[in-house]
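Trainee: What follows is start39.cif; its format and atoms are mmCIF, N, CA and C atoms.
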```
data_start
loop_
_atom_site.label_atom_id
_atom_site.label_comp_id
_atom_site.auth_asym_id
_atom_site.auth_seq_id
_atom_site.Cartn_x
_atom_site.Cartn_y
_atom_site.Cartn_z
N MET H 1 21.53 20.93 2.99
CA MET H 1 21.72 20.50 4.36
C MET H 1 22.16 19.04 4.34
N THR H 2 22.70 18.61 5.44
CA THR H 2 23.17 17.23 5.55
C THR H 2 22.23 16.45 6.47
N LEU H 3 21.64 15.39 5.94
CA LEU H 3 20.75 14.52 6.71
C LEU H 3 21.56 13.38 7.31
N ILE H 4 21.38 13.18 8.61
CA ILE H 4 21.98 12.07 9.31
C ILE H 4 20.85 11.18 9.83
N PRO H 5 20.52 10.09 9.14
CA PRO H 5 19.52 9.16 9.68
C PRO H 5 20.17 8.31 10.78
N GLY H 6 19.37 7.89 11.73
CA GLY H 6 19.90 7.05 12.80
C GLY H 6 18.79 6.38 13.59
N ARG H 7 19.21 5.60 14.52
CA ARG H 7 18.27 4.90 15.40
C ARG H 7 17.95 5.76 16.62
N THR H 8 16.72 5.63 17.12
CA THR H 8 16.34 6.28 18.37
C THR H 8 15.60 5.25 19.22
N SER H 9 15.54 5.48 20.52
CA SER H 9 14.83 4.54 21.38
C SER H 9 13.34 4.54 21.05
N LYS H 10 12.79 5.71 20.73
CA LYS H 10 11.36 5.79 20.39
C LYS H 10 11.07 5.06 19.08
N GLN H 11 11.99 5.15 18.13
CA GLN H 11 11.82 4.43 16.87
C GLN H 11 11.85 2.92 17.14
N GLY H 12 12.76 2.48 17.99
CA GLY H 12 12.86 1.06 18.30
C GLY H 12 11.64 0.51 19.03
N THR H 13 11.14 1.25 20.02
CA THR H 13 9.96 0.76 20.75
C THR H 13 8.71 0.80 19.89
N SER H 14 8.59 1.82 19.05
CA SER H 14 7.40 1.89 18.19
C SER H 14 7.47 0.83 17.09
N LEU H 15 8.68 0.46 16.68
CA LEU H 15 8.85 -0.61 15.70
C LEU H 15 8.31 -1.92 16.24
N ASN H 16 8.52 -2.16 17.53
CA ASN H 16 8.01 -3.38 18.15
C ASN H 16 6.48 -3.45 18.10
N ALA H 17 5.83 -2.29 18.14
CA ALA H 17 4.37 -2.25 18.06
C ALA H 17 3.90 -2.53 16.64
N GLY H 18 4.74 -2.19 15.64
CA GLY H 18 4.39 -2.48 14.25
C GLY H 18 4.73 -1.33 13.31
N LYS H 19 5.28 -1.68 12.15
CA LYS H 19 5.70 -0.68 11.17
C LYS H 19 4.53 0.09 10.55
N LEU H 20 3.34 -0.45 10.65
CA LEU H 20 2.18 0.24 10.07
C LEU H 20 1.38 1.02 11.11
N LYS H 21 1.85 1.00 12.34
CA LYS H 21 1.16 1.72 13.42
C LYS H 21 1.49 3.21 13.37
N ALA H 22 0.57 4.02 13.84
CA ALA H 22 0.70 5.48 13.77
C ALA H 22 1.96 5.99 14.46
N GLU H 23 2.31 5.44 15.62
CA GLU H 23 3.47 5.94 16.36
C GLU H 23 4.76 5.75 15.54
N TYR H 24 4.95 4.58 14.95
CA TYR H 24 6.16 4.33 14.16
C TYR H 24 6.20 5.24 12.94
N LEU H 25 5.07 5.37 12.26
CA LEU H 25 5.03 6.23 11.07
C LEU H 25 5.33 7.68 11.43
N GLU H 26 4.84 8.14 12.57
CA GLU H 26 5.11 9.51 13.00
C GLU H 26 6.59 9.71 13.33
N VAL H 27 7.14 8.78 14.10
CA VAL H 27 8.55 8.88 14.50
C VAL H 27 9.47 8.87 13.28
N THR H 28 9.17 8.06 12.30
CA THR H 28 10.05 7.92 11.15
C THR H 28 9.75 8.91 10.03
N SER H 29 8.78 9.76 10.23
CA SER H 29 8.49 10.80 9.23
C SER H 29 8.59 12.20 9.85
N THR H 30 9.46 12.31 10.84
CA THR H 30 9.73 13.59 11.50
C THR H 30 11.22 13.88 11.41
N VAL H 31 11.56 15.08 10.98
CA VAL H 31 12.96 15.48 10.88
C VAL H 31 13.23 16.54 11.94
N GLU H 32 14.37 16.42 12.61
CA GLU H 32 14.78 17.40 13.60
C GLU H 32 15.77 18.36 12.94
N MET H 33 15.54 19.66 13.16
CA MET H 33 16.38 20.69 12.55
C MET H 33 16.85 21.67 13.62
N ASN H 34 18.01 22.24 13.40
CA ASN H 34 18.53 23.29 14.24
C ASN H 34 17.50 24.43 14.26
N GLU H 35 17.16 24.91 15.46
CA GLU H 35 16.11 25.93 15.57
C GLU H 35 16.46 27.22 14.82
N ASP H 36 17.75 27.55 14.74
CA ASP H 36 18.14 28.75 14.00
C ASP H 36 17.95 28.56 12.50
N ASP H 37 18.25 27.37 12.00
CA ASP H 37 18.01 27.07 10.59
C ASP H 37 16.52 27.17 10.27
N MET H 38 15.69 26.67 11.20
CA MET H 38 14.25 26.74 10.99
C MET H 38 13.79 28.20 10.93
N LYS H 39 14.31 29.04 11.81
CA LYS H 39 13.93 30.46 11.80
C LYS H 39 14.31 31.11 10.48
N LYS H 40 15.52 30.82 9.98
CA LYS H 40 15.97 31.38 8.70
C LYS H 40 15.06 30.97 7.56
N MET H 41 14.50 29.76 7.66
CA MET H 41 13.61 29.25 6.61
C MET H 41 12.15 29.59 6.88
N LYS H 42 11.91 30.32 7.98
CA LYS H 42 10.56 30.70 8.38
C LYS H 42 9.68 29.48 8.65
N LEU H 43 10.27 28.47 9.28
CA LEU H 43 9.55 27.25 9.63
C LEU H 43 9.24 27.25 11.12
N LYS H 44 8.10 26.63 11.46
CA LYS H 44 7.69 26.49 12.84
C LYS H 44 7.58 25.01 13.17
N ASP H 45 7.60 24.71 14.45
CA ASP H 45 7.43 23.34 14.94
C ASP H 45 6.16 22.74 14.33
N GLY H 46 6.29 21.60 13.69
CA GLY H 46 5.13 20.93 13.10
C GLY H 46 4.90 21.23 11.64
N ASP H 47 5.65 22.19 11.07
CA ASP H 47 5.50 22.48 9.64
C ASP H 47 5.96 21.28 8.82
N ARG H 48 5.45 21.21 7.61
CA ARG H 48 5.83 20.14 6.68
C ARG H 48 6.92 20.67 5.75
N VAL H 49 7.91 19.82 5.51
CA VAL H 49 9.00 20.17 4.60
C VAL H 49 9.23 19.03 3.62
N ARG H 50 9.70 19.40 2.44
CA ARG H 50 10.09 18.41 1.44
C ARG H 50 11.61 18.29 1.48
N LEU H 51 12.08 17.05 1.60
CA LEU H 51 13.51 16.76 1.53
C LEU H 51 13.76 16.10 0.19
N ARG H 52 14.75 16.62 -0.55
CA ARG H 52 15.11 16.06 -1.86
C ARG H 52 16.58 15.68 -1.85
N SER H 53 16.85 14.46 -2.27
CA SER H 53 18.22 14.00 -2.47
C SER H 53 18.33 13.58 -3.93
N PRO H 54 19.52 13.25 -4.40
CA PRO H 54 19.63 12.75 -5.77
C PRO H 54 18.85 11.45 -6.00
N GLU H 55 18.50 10.77 -4.91
CA GLU H 55 17.82 9.47 -5.02
C GLU H 55 16.30 9.56 -4.93
N GLY H 56 15.78 10.60 -4.30
CA GLY H 56 14.33 10.68 -4.13
C GLY H 56 13.92 11.88 -3.29
N GLU H 57 12.65 11.89 -2.93
CA GLU H 57 12.13 12.99 -2.11
C GLU H 57 11.01 12.49 -1.22
N VAL H 58 10.85 13.16 -0.08
CA VAL H 58 9.79 12.84 0.87
C VAL H 58 9.28 14.13 1.49
N VAL H 59 8.06 14.08 2.00
CA VAL H 59 7.50 15.19 2.76
C VAL H 59 7.35 14.69 4.19
N VAL H 60 7.93 15.45 5.12
CA VAL H 60 7.96 15.07 6.53
C VAL H 60 7.64 16.28 7.39
N THR H 61 7.44 16.03 8.68
CA THR H 61 7.20 17.08 9.66
C THR H 61 8.53 17.50 10.26
N CYS H 62 8.71 18.79 10.52
CA CYS H 62 9.97 19.23 11.14
C CYS H 62 9.73 19.66 12.59
N ARG H 63 10.74 19.39 13.40
CA ARG H 63 10.73 19.75 14.81
C ARG H 63 12.04 20.45 15.14
N PRO H 64 12.02 21.50 15.96
CA PRO H 64 13.25 22.22 16.29
C PRO H 64 14.08 21.50 17.35
N LYS H 65 15.39 21.67 17.24
CA LYS H 65 16.34 21.23 18.26
C LYS H 65 17.23 22.42 18.59
N LYS H 66 17.63 22.53 19.83
CA LYS H 66 18.53 23.62 20.24
C LYS H 66 19.84 23.51 19.46
N ALA H 67 20.43 24.67 19.19
CA ALA H 67 21.70 24.71 18.47
C ALA H 67 22.78 23.92 19.19
N SER H 68 22.70 23.84 20.50
CA SER H 68 23.69 23.08 21.27
C SER H 68 23.51 21.56 21.09
N ASP H 69 22.33 21.15 20.62
CA ASP H 69 22.04 19.72 20.42
C ASP H 69 22.20 19.28 18.98
N LEU H 70 22.05 20.21 18.04
CA LEU H 70 22.12 19.87 16.62
C LEU H 70 22.73 21.05 15.87
N PRO H 71 23.93 20.87 15.32
CA PRO H 71 24.60 21.99 14.65
C PRO H 71 23.83 22.49 13.43
N SER H 72 24.08 23.74 13.09
CA SER H 72 23.47 24.33 11.90
C SER H 72 23.89 23.53 10.66
N GLY H 73 22.94 23.34 9.75
CA GLY H 73 23.22 22.63 8.51
C GLY H 73 23.06 21.13 8.59
N ILE H 74 22.85 20.61 9.80
CA ILE H 74 22.66 19.17 10.02
C ILE H 74 21.20 18.93 10.41
N ILE H 75 20.59 17.92 9.81
CA ILE H 75 19.24 17.52 10.22
C ILE H 75 19.27 16.03 10.55
N PHE H 76 18.38 15.60 11.42
CA PHE H 76 18.33 14.21 11.87
C PHE H 76 16.94 13.64 11.67
N MET H 77 16.89 12.38 11.24
CA MET H 77 15.62 11.66 11.13
C MET H 77 15.86 10.20 11.50
N ALA H 78 14.92 9.62 12.23
CA ALA H 78 15.02 8.20 12.58
C ALA H 78 14.89 7.36 11.32
N TYR H 79 15.66 6.27 11.28
CA TYR H 79 15.56 5.34 10.16
C TYR H 79 14.11 4.88 9.98
N GLY H 80 13.70 4.71 8.74
CA GLY H 80 12.36 4.24 8.42
C GLY H 80 12.09 4.45 6.96
N PRO H 81 10.83 4.31 6.56
CA PRO H 81 10.48 4.45 5.14
C PRO H 81 10.89 5.79 4.54
N SER H 82 10.72 6.88 5.26
CA SER H 82 11.05 8.19 4.70
C SER H 82 12.54 8.34 4.45
N SER H 83 13.37 7.99 5.42
CA SER H 83 14.81 8.11 5.21
C SER H 83 15.29 7.18 4.11
N SER H 84 14.68 6.01 3.99
CA SER H 84 15.06 5.05 2.95
C SER H 84 14.82 5.59 1.55
N GLU H 85 13.81 6.42 1.39
CA GLU H 85 13.51 7.01 0.09
C GLU H 85 14.62 7.95 -0.39
N LEU H 86 15.43 8.43 0.54
CA LEU H 86 16.47 9.39 0.21
C LEU H 86 17.84 8.74 0.01
N MET H 87 17.94 7.44 0.32
CA MET H 87 19.21 6.71 0.22
C MET H 87 19.36 6.07 -1.14
N GLY H 88 20.61 5.97 -1.59
CA GLY H 88 20.90 5.25 -2.82
C GLY H 88 20.98 3.76 -2.56
N SER H 89 21.21 3.00 -3.61
CA SER H 89 21.28 1.55 -3.48
C SER H 89 22.71 1.04 -3.33
N ASP H 90 23.70 1.92 -3.48
CA ASP H 90 25.10 1.51 -3.35
C ASP H 90 25.38 1.11 -1.91
N THR H 91 25.96 -0.06 -1.74
CA THR H 91 26.30 -0.54 -0.40
C THR H 91 27.81 -0.54 -0.14
N ALA H 92 28.59 -0.16 -1.13
CA ALA H 92 30.06 -0.20 -1.02
C ALA H 92 30.53 -1.57 -0.56
N GLY H 93 29.81 -2.59 -0.98
CA GLY H 93 30.18 -3.97 -0.66
C GLY H 93 29.78 -4.43 0.73
N SER H 94 29.09 -3.59 1.50
CA SER H 94 28.76 -3.95 2.88
C SER H 94 27.40 -4.64 3.01
N GLY H 95 26.56 -4.51 2.00
CA GLY H 95 25.20 -5.05 2.10
C GLY H 95 24.22 -4.08 2.72
N MET H 96 24.71 -2.97 3.24
CA MET H 96 23.87 -1.94 3.86
C MET H 96 24.03 -0.65 3.06
N PRO H 97 22.94 -0.04 2.60
CA PRO H 97 23.07 1.20 1.84
C PRO H 97 23.80 2.27 2.64
N LEU H 98 24.55 3.10 1.93
CA LEU H 98 25.22 4.22 2.57
C LEU H 98 24.15 5.16 3.09
N SER H 99 24.15 5.38 4.40
CA SER H 99 23.01 6.09 4.98
C SER H 99 23.40 7.27 5.85
N LYS H 100 24.62 7.70 5.81
CA LYS H 100 25.04 8.85 6.61
C LYS H 100 25.45 9.97 5.67
N GLN H 101 25.31 11.18 6.14
CA GLN H 101 25.70 12.37 5.39
C GLN H 101 25.05 12.45 4.01
N ILE H 102 23.73 12.34 4.00
CA ILE H 102 22.98 12.47 2.76
C ILE H 102 22.70 13.96 2.52
N GLU H 103 23.20 14.47 1.42
CA GLU H 103 22.96 15.88 1.09
C GLU H 103 21.52 16.00 0.58
N VAL H 104 20.75 16.86 1.23
CA VAL H 104 19.35 17.06 0.85
C VAL H 104 19.05 18.54 0.71
N ARG H 105 18.08 18.82 -0.12
CA ARG H 105 17.52 20.16 -0.23
C ARG H 105 16.27 20.17 0.63
N VAL H 106 16.10 21.20 1.43
CA VAL H 106 14.95 21.32 2.33
C VAL H 106 14.13 22.51 1.88
N GLU H 107 12.83 22.28 1.68
CA GLU H 107 11.95 23.39 1.32
C GLU H 107 10.61 23.24 2.02
N ALA H 108 10.05 24.36 2.38
CA ALA H 108 8.75 24.37 3.04
C ALA H 108 7.70 23.86 2.07
N VAL H 109 6.70 23.18 2.62
CA VAL H 109 5.59 22.67 1.82
C VAL H 109 4.36 23.50 2.17
N GLY H 110 3.79 24.13 1.18
CA GLY H 110 2.59 24.93 1.40
C GLY H 110 1.34 24.07 1.42
N ALA H 111 0.25 24.64 1.86
CA ALA H 111 -1.02 23.93 1.91
C ALA H 111 -1.37 23.38 0.53
N GLY H 112 -1.74 22.12 0.46
CA GLY H 112 -2.14 21.49 -0.79
C GLY H 112 -0.98 21.07 -1.70
N GLU H 113 0.27 21.19 -1.24
CA GLU H 113 1.44 20.87 -2.06
C GLU H 113 2.03 19.49 -1.81
N GLU H 114 1.51 18.74 -0.88
CA GLU H 114 2.19 17.52 -0.46
C GLU H 114 2.27 16.44 -1.52
N GLY H 115 1.36 16.37 -2.43
CA GLY H 115 1.32 15.30 -3.40
C GLY H 115 2.43 15.24 -4.30
#
```
Go ahead and express the file in the form of structure tokens.
Mentor:
Amino acid sequence: MTLIPGRTSKQGTSLNAGKLKAEYLEVTSTVEMNEDDMKKMKLKDGDRVRLRSPEGEVVVTCRPKKASDLPSGIIFMAYGPSSSELMGSDTAGSGMPLSKQIEVRVEAVGAGEEG
């Protein structure tokens, strides 16, 4: 699947409260997925998934989005510690890591598997 990290208003307002606060950590560790993709993977709202890229892996919570809001094969997550773990260090000379269109593998996380 293709991960598109980005900014959200909720991420921005929770950032103002603090990066170590529960709201910011929740917002930045939640991935939005096309509801049809979630059904195919037998995932429900609130399930935990592992995202793996060539650079790293994270375990996050998934939330469904209507197919009209998020195309199949695309997932979205607010910028934060979790999305940063999946990005490489190459900046292509810009000083900012390449952070769009990150190819990730998505797999369900069973009970006791998060570590």
Trainee: Please determine, counting all atoms listed in the file, which residue among H:Val59, H:Met1, H:Ala22, H:Leu51 has the shortest atom-to-atom distance to Glu103 (chain H).
Mentor: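 Under the stated criterion, the closest residue is H:Met1.
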Trainee: Apply the PyMOL selection byres (((chain H and resi 73 and name CA) around 8) and name CA) to the displayed file and report the matching residues as a PyMOL selection string.
Mentor: chain H and resi 1-2+34+37+71-72+74-75
Trainee: Using only C-alpha atoms, can you tell me which of H:Val49, H:Pro5, H:Met33, H:Asp69 comes closest to Glu85 (chain H)?
Mentor: H:Pro5
Trainee: Since I can't run it myself right now, could you work out what the PyMOL selection byres ((chain H and resi 61-68) around 8) selects here and report it as a PDB file with N, CA and C atoms, in the frame of the given file?
Mentor:
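Written file, result-v8.pdb:
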```pdb
ATOM      1  N   GLU H  26       4.840   8.140  12.570  1.00  0.00           N
ATOM      2  CA  GLU H  26       5.110   9.510  13.000  1.00  0.00           C
ATOM      3  C   GLU H  26       6.590   9.710  13.330  1.00  0.00           C
ATOM      4  N   THR H  28       9.170   8.060  12.300  1.00  0.00           N
ATOM      5  CA  THR H  28      10.050   7.920  11.150  1.00  0.00           C
ATOM      6  C   THR H  28       9.750   8.910  10.030  1.00  0.00           C
ATOM      7  N   SER H  29       8.780   9.760  10.230  1.00  0.00           N
ATOM      8  CA  SER H  29       8.490  10.800   9.230  1.00  0.00           C
ATOM      9  C   SER H  29       8.590  12.200   9.850  1.00  0.00           C
ATOM     10  N   THR H  30       9.460  12.310  10.840  1.00  0.00           N
ATOM     11  CA  THR H  30       9.730  13.590  11.500  1.00  0.00           C
ATOM     12  C   THR H  30      11.220  13.880  11.410  1.00  0.00           C
ATOM     13  N   VAL H  31      11.560  15.080  10.980  1.00  0.00           N
ATOM     14  CA  VAL H  31      12.960  15.480  10.880  1.00  0.00           C
ATOM     15  C   VAL H  31      13.230  16.540  11.940  1.00  0.00           C
ATOM     16  N   GLU H  32      14.370  16.420  12.610  1.00  0.00           N
ATOM     17  CA  GLU H  32      14.780  17.400  13.600  1.00  0.00           C
ATOM     18  C   GLU H  32      15.770  18.360  12.940  1.00  0.00           C
ATOM     19  N   MET H  33      15.540  19.660  13.160  1.00  0.00           N
ATOM     20  CA  MET H  33      16.380  20.690  12.550  1.00  0.00           C
ATOM     21  C   MET H  33      16.850  21.670  13.620  1.00  0.00           C
ATOM     22  N   ASN H  34      18.010  22.240  13.400  1.00  0.00           N
ATOM     23  CA  ASN H  34      18.530  23.290  14.240  1.00  0.00           C
ATOM     24  C   ASN H  34      17.500  24.430  14.260  1.00  0.00           C
ATOM     25  N   GLU H  35      17.160  24.910  15.460  1.00  0.00           N
ATOM     26  CA  GLU H  35      16.110  25.930  15.570  1.00  0.00           C
ATOM     27  C   GLU H  35      16.460  27.220  14.820  1.00  0.00           C
ATOM     28  N   ASP H  36      17.750  27.550  14.740  1.00  0.00           N
ATOM     29  CA  ASP H  36      18.140  28.750  14.000  1.00  0.00           C
ATOM     30  C   ASP H  36      17.950  28.560  12.500  1.00  0.00           C
ATOM     31  N   ASP H  37      18.250  27.370  12.000  1.00  0.00           N
ATOM     32  CA  ASP H  37      18.010  27.070  10.590  1.00  0.00           C
ATOM     33  C   ASP H  37      16.520  27.170  10.270  1.00  0.00           C
ATOM     34  N   MET H  38      15.690  26.670  11.200  1.00  0.00           N
ATOM     35  CA  MET H  38      14.250  26.740  10.990  1.00  0.00           C
ATOM     36  C   MET H  38      13.790  28.200  10.930  1.00  0.00           C
ATOM     37  N   LEU H  43      10.270  28.470   9.280  1.00  0.00           N
ATOM     38  CA  LEU H  43       9.550  27.250   9.630  1.00  0.00           C
ATOM     39  C   LEU H  43       9.240  27.250  11.120  1.00  0.00           C
ATOM     40  N   LYS H  44       8.100  26.630  11.460  1.00  0.00           N
ATOM     41  CA  LYS H  44       7.690  26.490  12.840  1.00  0.00           C
ATOM     42  C   LYS H  44       7.580  25.010  13.170  1.00  0.00           C
ATOM     43  N   ASP H  45       7.600  24.710  14.450  1.00  0.00           N
ATOM     44  CA  ASP H  45       7.430  23.340  14.940  1.00  0.00           C
ATOM     45  C   ASP H  45       6.160  22.740  14.330  1.00  0.00           C
ATOM     46  N   GLY H  46       6.290  21.600  13.690  1.00  0.00           N
ATOM     47  CA  GLY H  46       5.130  20.930  13.100  1.00  0.00           C
ATOM     48  C   GLY H  46       4.900  21.230  11.640  1.00  0.00           C
ATOM     49  N   ASP H  47       5.650  22.190  11.070  1.00  0.00           N
ATOM     50  CA  ASP H  47       5.500  22.480   9.640  1.00  0.00           C
ATOM     51  C   ASP H  47       5.960  21.280   8.820  1.00  0.00           C
ATOM     52  N   ARG H  48       5.450  21.210   7.610  1.00  0.00           N
ATOM     53  CA  ARG H  48       5.830  20.140   6.680  1.00  0.00           C
ATOM     54  C   ARG H  48       6.920  20.670   5.750  1.00  0.00           C
ATOM     55  N   VAL H  49       7.910  19.820   5.510  1.00  0.00           N
ATOM     56  CA  VAL H  49       9.000  20.170   4.600  1.00  0.00           C
ATOM     57  C   VAL H  49       9.230  19.030   3.620  1.00  0.00           C
ATOM     58  N   ARG H  50       9.700  19.400   2.440  1.00  0.00           N
ATOM     59  CA  ARG H  50      10.090  18.410   1.440  1.00  0.00           C
ATOM     60  C   ARG H  50      11.610  18.290   1.480  1.00  0.00           C
ATOM     61  N   VAL H  58      10.850  13.160  -0.080  1.00  0.00           N
ATOM     62  CA  VAL H  58       9.790  12.840   0.870  1.00  0.00           C
ATOM     63  C   VAL H  58       9.280  14.130   1.490  1.00  0.00           C
ATOM     64  N   VAL H  59       8.060  14.080   2.000  1.00  0.00           N
ATOM     65  CA  VAL H  59       7.500  15.190   2.760  1.00  0.00           C
ATOM     66  C   VAL H  59       7.350  14.690   4.190  1.00  0.00           C
ATOM     67  N   VAL H  60       7.930  15.450   5.120  1.00  0.00           N
ATOM     68  CA  VAL H  60       7.960  15.070   6.530  1.00  0.00           C
ATOM     69  C   VAL H  60       7.640  16.280   7.390  1.00  0.00           C
ATOM     70  N   ASP H  69      22.330  21.150  20.620  1.00  0.00           N
ATOM     71  CA  ASP H  69      22.040  19.720  20.420  1.00  0.00           C
ATOM     72  C   ASP H  69      22.200  19.280  18.980  1.00  0.00           C
ATOM     73  N   LEU H  70      22.050  20.210  18.040  1.00  0.00           N
ATOM     74  CA  LEU H  70      22.120  19.870  16.620  1.00  0.00           C
ATOM     75  C   LEU H  70      22.730  21.050  15.870  1.00  0.00           C
ATOM     76  N   PRO H  71      23.930  20.870  15.320  1.00  0.00           N
ATOM     77  CA  PRO H  71      24.600  21.990  14.650  1.00  0.00           C
ATOM     78  C   PRO H  71      23.830  22.490  13.430  1.00  0.00           C
ATOM     79  N   SER H  72      24.080  23.740  13.090  1.00  0.00           N
ATOM     80  CA  SER H  72      23.470  24.330  11.900  1.00  0.00           C
ATOM     81  C   SER H  72      23.890  23.530  10.660  1.00  0.00           C
TER      82      SER H  72
END
```
Trainee: Quick check, in Å to one decimal: how far apart do atom N of Lys21 (chain H) and atom N of Arg7 (chain H) lie?
Mentor: 18.1 Å
Trainee: Evaluate the PyMOL selection byres ((chain H and resi 80) around 8) on the structure here and hand back the selected residues as a VMD selection string.
Mentor: chain H and resid 5 to 6 24 27 to 29 77 to 79 81 to 85
Trainee: Between CA of Ile4 (chain H) and CA of Met41 (chain H), what is the distance, to one decimal in Å?
Mentor: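 CA of Ile4 (chain H) sits 19.3 Å away from CA of Met41 (chain H).
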